[in-house]
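Take a look at the structure below.
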Amino acid sequence: MGQSFKMLVIKRRRLLILSFIAIGIKLFSLFPDAVEKYYATGIYPRIAFLQRAALGWIPFSFGDLLYGLVIIWLIIQSVRLVKRALHRTADKRYLQQVALRFIGYALGVYIVFNVLWGLNYNRRGIAYQLQLKTERYSKEELTAVTEQLALKLNALQPLSLPDREKLKRKKYLFAQTVNAYGLLSLERPEFDYVFPSVKPSVYSYLGNYLGFTGYYNPFTGEAQVNTTIPGFARPFTACHEVGHQLGYAKENEANFAGYLSASASSNKSFQYSVYFDLYAYAGRYLYMVDSMAFKTVNQLLSPAVKQDREELRKFFIRYSSPLEEAIDRLYAQYLTANEQPSGKMSYNEVVALLIAYYKKFGHL
């Protein structure tokens with residue numbers, strides 16, 4: 001009894017320490033200028049560098065295996081808890097211990113997540129770095145940018161065809177992604193990307209049913225790409241995930257980092273891929289604002305571009321499932337909890353950055 005009580009006291013002390021650390025992190029996150037200076041452009045690049053240096057050379061995703069082990073562990077723990085409940089051996093003290101352990105794990109994950117990457121959600125961000133004014137834009141500005149994207153697509157579609165077969169080779173895809181950021185960093189050093197760690201997702205086929213095309217693992221610093229999606233969509237996904245690696249946590253900012261890198265690439269399939277995605281984002285907003293204006297712009301697309309759009313649409317329909325809808329709702333809640341109140345629509349908010357960039361530089 002005495003030993004058990006002593007262990008309980010120790011666990012409560014640990015929880016108290018973890019709670020103070022978590023509160024400290026939360027308070028620090030309330031000051032974007034401090035986060036930008038001391039974390040996003042201070043400590044974080046060093047953390048990310050070490051993560052990629054340690055695991056980037058491994059040809060498979062170590063983080064995916066880690067996720068798999070965690071899921072197996074959670075299943076085992078859940079089965080044990082259910083068994084004890086069924087056999088009525090889960091007394092008050094046992095449930096208290098389980099609750100304390102769960103809270104401890106949750107606090108630990110919160111702390112590690114934020115220290116390794118999560119605080120980037122609270123930084124000043126890419127618009128601040130590039131001095132872009134993301135003001136409220138007009139329908140005319142949105143229409144003009146959407147038209148520009150349509151014309152870009154028409155010009156790039158035939159030029160992207162020779163590389164499409166090559167994009168099926170993962171090494172080629174990832175090497176070209178690194179090259180794209182290399183070219184971008186010549187002009188903008190903040191996008192310097194050393195010790196690459198971009199890998200195919202172990203769960204690519206499962207990802208089709210869950211609705212993801214790529215993701216970043218903040219615990220291992222690896223960027224994963226779903227390499228089963230249509231080839232022309234893969235370059236932008238890879239560039240987007242590297243954007244997350246470089247500290248752009250919010251989805252619209254990772255999208256914009258992906259735009260800057262892929263459009264800087266000398267590879268036409270990369271350029272086509274980014275404008276393809278951006279057209280979808282801008283077109284969605286334009287349709288919501290003025291459906292007739294969108295239909296007029298959409299008619300500008302060449303038959304070949306429309307065919308690609310139809311191929312991607314059919315791909316997602318083929319793998320749609322009720323599970324995907326549930327995952328979407330959970331992911332939207334995650335985004336909302338991490339400074340992105342619009343949920344999954346935060347991806348579309350890259351349009352504001354794009355229009356600000358267009359207004360500043362006069363081109364896309």
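Ligands are numbered from 1 in the order shown, residues from 1 within each chain, and chains are lettered A, B, ... in the order they appear in the structure tokens.
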Next item on the list: Find the residues around range 186-194 of chain A up to 12 Å (only C-alpha atoms counted), leave out those fewer than 2 positions away in its own chain, and share them as a PyMOL selection string.
Entry: chain A and resi 40-42+45-46+48-53+56+125-126+129-130+175+177-184+196-198+239+242-248+254+256-258+260-261+264-265
Note to self: Among range 129-239 of chain A, which residues does DSSP mark as helix (DSSP H, G or I) when it is run on the backbone? Keep the chain and numbering as in the structure and answer as JSON, numbers by chain.
What the structure shows: {"A": [129, 130, 139, 140, 141, 142, 143, 144, 145, 146, 147, 148, 149, 150, 151, 152, 153, 154, 155, 156, 157, 158, 159, 160, 161, 162, 163, 164, 166, 167, 168, 170, 171, 172, 173, 174, 175, 176, 177, 178, 179, 180, 181, 182, 183, 184, 185, 186, 187, 189, 190, 191, 204, 205, 206, 207, 208, 209, 210, 231, 232, 233, 234, 235, 236, 237, 238, 239]}
Any chance you can output those residues with C-alpha atoms as a PDB file, in the first residue's frame?
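Full text of selection.pdb as output:
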```
ATOM      1  CA  GLN A 129       9.211  37.098 -44.568  1.00  0.00           C
ATOM      2  CA  LEU A 130       8.461  38.069 -48.164  1.00  0.00           C
ATOM      3  CA  LYS A 139     -13.542  39.660 -57.486  1.00  0.00           C
ATOM      4  CA  GLU A 140     -11.715  41.329 -60.371  1.00  0.00           C
ATOM      5  CA  GLU A 141      -8.316  40.513 -58.855  1.00  0.00           C
ATOM      6  CA  LEU A 142      -9.370  36.920 -58.195  1.00  0.00           C
ATOM      7  CA  THR A 143     -10.661  36.586 -61.772  1.00  0.00           C
ATOM      8  CA  ALA A 144      -7.450  38.020 -63.228  1.00  0.00           C
ATOM      9  CA  VAL A 145      -5.249  35.609 -61.259  1.00  0.00           C
ATOM     10  CA  THR A 146      -7.460  32.624 -62.124  1.00  0.00           C
ATOM     11  CA  GLU A 147      -7.218  33.571 -65.814  1.00  0.00           C
ATOM     12  CA  GLN A 148      -3.435  33.813 -65.546  1.00  0.00           C
ATOM     13  CA  LEU A 149      -3.327  30.334 -64.006  1.00  0.00           C
ATOM     14  CA  ALA A 150      -5.514  28.923 -66.786  1.00  0.00           C
ATOM     15  CA  LEU A 151      -3.239  30.373 -69.474  1.00  0.00           C
ATOM     16  CA  LYS A 152      -0.163  29.028 -67.652  1.00  0.00           C
ATOM     17  CA  LEU A 153      -1.720  25.565 -67.603  1.00  0.00           C
ATOM     18  CA  ASN A 154      -2.515  25.615 -71.294  1.00  0.00           C
ATOM     19  CA  ALA A 155       1.066  26.575 -72.165  1.00  0.00           C
ATOM     20  CA  LEU A 156       2.720  24.104 -69.800  1.00  0.00           C
ATOM     21  CA  GLN A 157       0.547  21.017 -70.358  1.00  0.00           C
ATOM     22  CA  PRO A 158       2.207  19.832 -73.608  1.00  0.00           C
ATOM     23  CA  LEU A 159       5.662  20.753 -72.268  1.00  0.00           C
ATOM     24  CA  SER A 160       5.084  18.609 -69.166  1.00  0.00           C
ATOM     25  CA  LEU A 161       4.311  15.417 -71.088  1.00  0.00           C
ATOM     26  CA  PRO A 162       7.903  14.190 -71.723  1.00  0.00           C
ATOM     27  CA  ASP A 163       8.593  14.007 -67.967  1.00  0.00           C
ATOM     28  CA  ARG A 164       5.376  12.323 -66.869  1.00  0.00           C
ATOM     29  CA  LYS A 166       9.858   9.809 -65.240  1.00  0.00           C
ATOM     30  CA  LEU A 167       7.728  11.101 -62.344  1.00  0.00           C
ATOM     31  CA  LYS A 168       6.690   7.514 -61.651  1.00  0.00           C
ATOM     32  CA  LYS A 170      10.426   8.023 -56.874  1.00  0.00           C
ATOM     33  CA  LYS A 171      14.122   8.870 -56.897  1.00  0.00           C
ATOM     34  CA  TYR A 172      13.625  11.152 -59.877  1.00  0.00           C
ATOM     35  CA  LEU A 173      10.612  12.858 -58.291  1.00  0.00           C
ATOM     36  CA  PHE A 174      12.413  13.534 -55.028  1.00  0.00           C
ATOM     37  CA  ALA A 175      15.671  14.611 -56.702  1.00  0.00           C
ATOM     38  CA  GLN A 176      13.760  17.132 -58.813  1.00  0.00           C
ATOM     39  CA  THR A 177      12.014  18.400 -55.668  1.00  0.00           C
ATOM     40  CA  VAL A 178      15.383  19.041 -54.021  1.00  0.00           C
ATOM     41  CA  ASN A 179      16.612  20.744 -57.208  1.00  0.00           C
ATOM     42  CA  ALA A 180      13.536  23.003 -57.223  1.00  0.00           C
ATOM     43  CA  TYR A 181      14.280  24.249 -53.717  1.00  0.00           C
ATOM     44  CA  GLY A 182      17.950  24.582 -54.632  1.00  0.00           C
ATOM     45  CA  LEU A 183      17.077  26.953 -57.463  1.00  0.00           C
ATOM     46  CA  LEU A 184      14.671  28.893 -55.244  1.00  0.00           C
ATOM     47  CA  SER A 185      17.282  29.277 -52.485  1.00  0.00           C
ATOM     48  CA  LEU A 186      19.665  31.030 -54.912  1.00  0.00           C
ATOM     49  CA  GLU A 187      17.247  33.946 -54.858  1.00  0.00           C
ATOM     50  CA  PRO A 189      18.184  31.865 -48.903  1.00  0.00           C
ATOM     51  CA  GLU A 190      15.420  31.216 -46.340  1.00  0.00           C
ATOM     52  CA  PHE A 191      14.344  28.277 -48.519  1.00  0.00           C
ATOM     53  CA  SER A 204       0.176   5.272 -49.868  1.00  0.00           C
ATOM     54  CA  TYR A 205      -2.622   2.886 -50.879  1.00  0.00           C
ATOM     55  CA  LEU A 206      -4.324   3.282 -47.515  1.00  0.00           C
ATOM     56  CA  GLY A 207      -3.914   7.030 -47.967  1.00  0.00           C
ATOM     57  CA  ASN A 208      -6.105   6.897 -51.068  1.00  0.00           C
ATOM     58  CA  TYR A 209      -9.022   5.754 -48.900  1.00  0.00           C
ATOM     59  CA  LEU A 210      -8.164   8.208 -46.122  1.00  0.00           C
ATOM     60  CA  GLY A 231       1.900  11.458 -61.713  1.00  0.00           C
ATOM     61  CA  PHE A 232       1.229  15.055 -62.729  1.00  0.00           C
ATOM     62  CA  ALA A 233      -0.048  15.818 -59.185  1.00  0.00           C
ATOM     63  CA  ARG A 234       2.988  14.421 -57.340  1.00  0.00           C
ATOM     64  CA  PRO A 235       5.528  17.263 -57.796  1.00  0.00           C
ATOM     65  CA  PHE A 236       3.418  19.874 -56.040  1.00  0.00           C
ATOM     66  CA  THR A 237       2.644  17.453 -53.187  1.00  0.00           C
ATOM     67  CA  ALA A 238       6.369  16.813 -52.685  1.00  0.00           C
ATOM     68  CA  CYS A 239       7.185  20.539 -52.746  1.00  0.00           C
TER      69      CYS A 239
END
```
Margin query: One decimal, in Å: what's the spacing between CA of Ala127 in chain A and CA of Leu354 in chain A?
Written below: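 So the two atoms, CA of Ala127 in chain A and CA of Leu354 in chain A, lie 10.2 Å apart.
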Notebook entry, point to check: What's the 7 Å shell around range 101-118 of chain A, counting only C-alpha atoms, without same-chain residues fewer than 2 positions away, as a list in words?
Noted result: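 With the cut-off at 7 Å, the set is Leu15, Leu18, Ser19, Ala22, Tyr44, Ile47, Gln97, Val98, Ala99, Asn120, Tyr121, Pro218 and Phe219 of chain A.
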Next, the residues of the selection above should be written as a PDB file, in the first residue's frame with C-alpha atoms.
```pdb
ATOM      1  CA  LEU A  15       2.249  15.486 -14.366  1.00  0.00           C
ATOM      2  CA  LEU A  18       4.765  18.435 -17.585  1.00  0.00           C
ATOM      3  CA  SER A  19       1.781  20.728 -17.071  1.00  0.00           C
ATOM      4  CA  ALA A  22       3.022  22.792 -21.516  1.00  0.00           C
ATOM      5  CA  TYR A  44      13.826  25.154 -35.287  1.00  0.00           C
ATOM      6  CA  ILE A  47      16.293  20.849 -34.947  1.00  0.00           C
ATOM      7  CA  GLN A  97      -3.658   5.148 -12.808  1.00  0.00           C
ATOM      8  CA  VAL A  98      -4.818   4.712 -16.409  1.00  0.00           C
ATOM      9  CA  ALA A  99      -6.181   8.276 -16.458  1.00  0.00           C
ATOM     10  CA  ASN A 120       5.717  27.072 -36.297  1.00  0.00           C
ATOM     11  CA  TYR A 121       1.920  27.402 -36.351  1.00  0.00           C
ATOM     12  CA  PRO A 218       7.179  16.317 -36.994  1.00  0.00           C
ATOM     13  CA  PHE A 219       8.620  13.639 -34.719  1.00  0.00           C
TER      14      PHE A 219
END
```
Next item on the list: Could you find all residues in range 7-237 of chain A that DSSP calls strand (DSSP E or B) from the backbone, and write them as a PyMOL selection string?
Entry: chain A and resi 198-200+214-217+222-225
Preceding selection exported with C-alpha atoms as a tab-separated table (two decimals), in the first residue's frame:
```tsv
chain	number	residue	atom	x	y	z
A	198	VAL	CA	11.50	13.16	-48.76
A	199	LYS	CA	10.18	9.62	-48.95
A	200	PRO	CA	7.29	7.56	-50.32
A	214	GLY	CA	1.19	13.58	-48.47
A	215	TYR	CA	2.06	14.49	-44.89
A	216	TYR	CA	4.90	15.63	-42.67
A	217	ASN	CA	6.05	13.74	-39.58
A	222	GLU	CA	10.45	13.21	-42.70
A	223	ALA	CA	8.20	14.34	-45.55
A	224	GLN	CA	6.03	11.56	-46.97
A	225	VAL	CA	4.43	11.57	-50.43
```
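You will find CA of Tyr285 in chain A at 11.4 Å from CA of Tyr137 in chain A.
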Notebook entry, point to check: So how far away is CA of Gln299 in chain A from CA of Tyr357 in chain A, in Å?
Noted result: 25.1 Å
Note to self: I'd like to know which of A:Tyr67, A:Trp73, A:Tyr259, A:Phe195 is closest to Tyr275 in chain A, using only C-alpha atoms.
What the structure shows: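 Closest residue, counting only C-alpha atoms: A:Tyr259.
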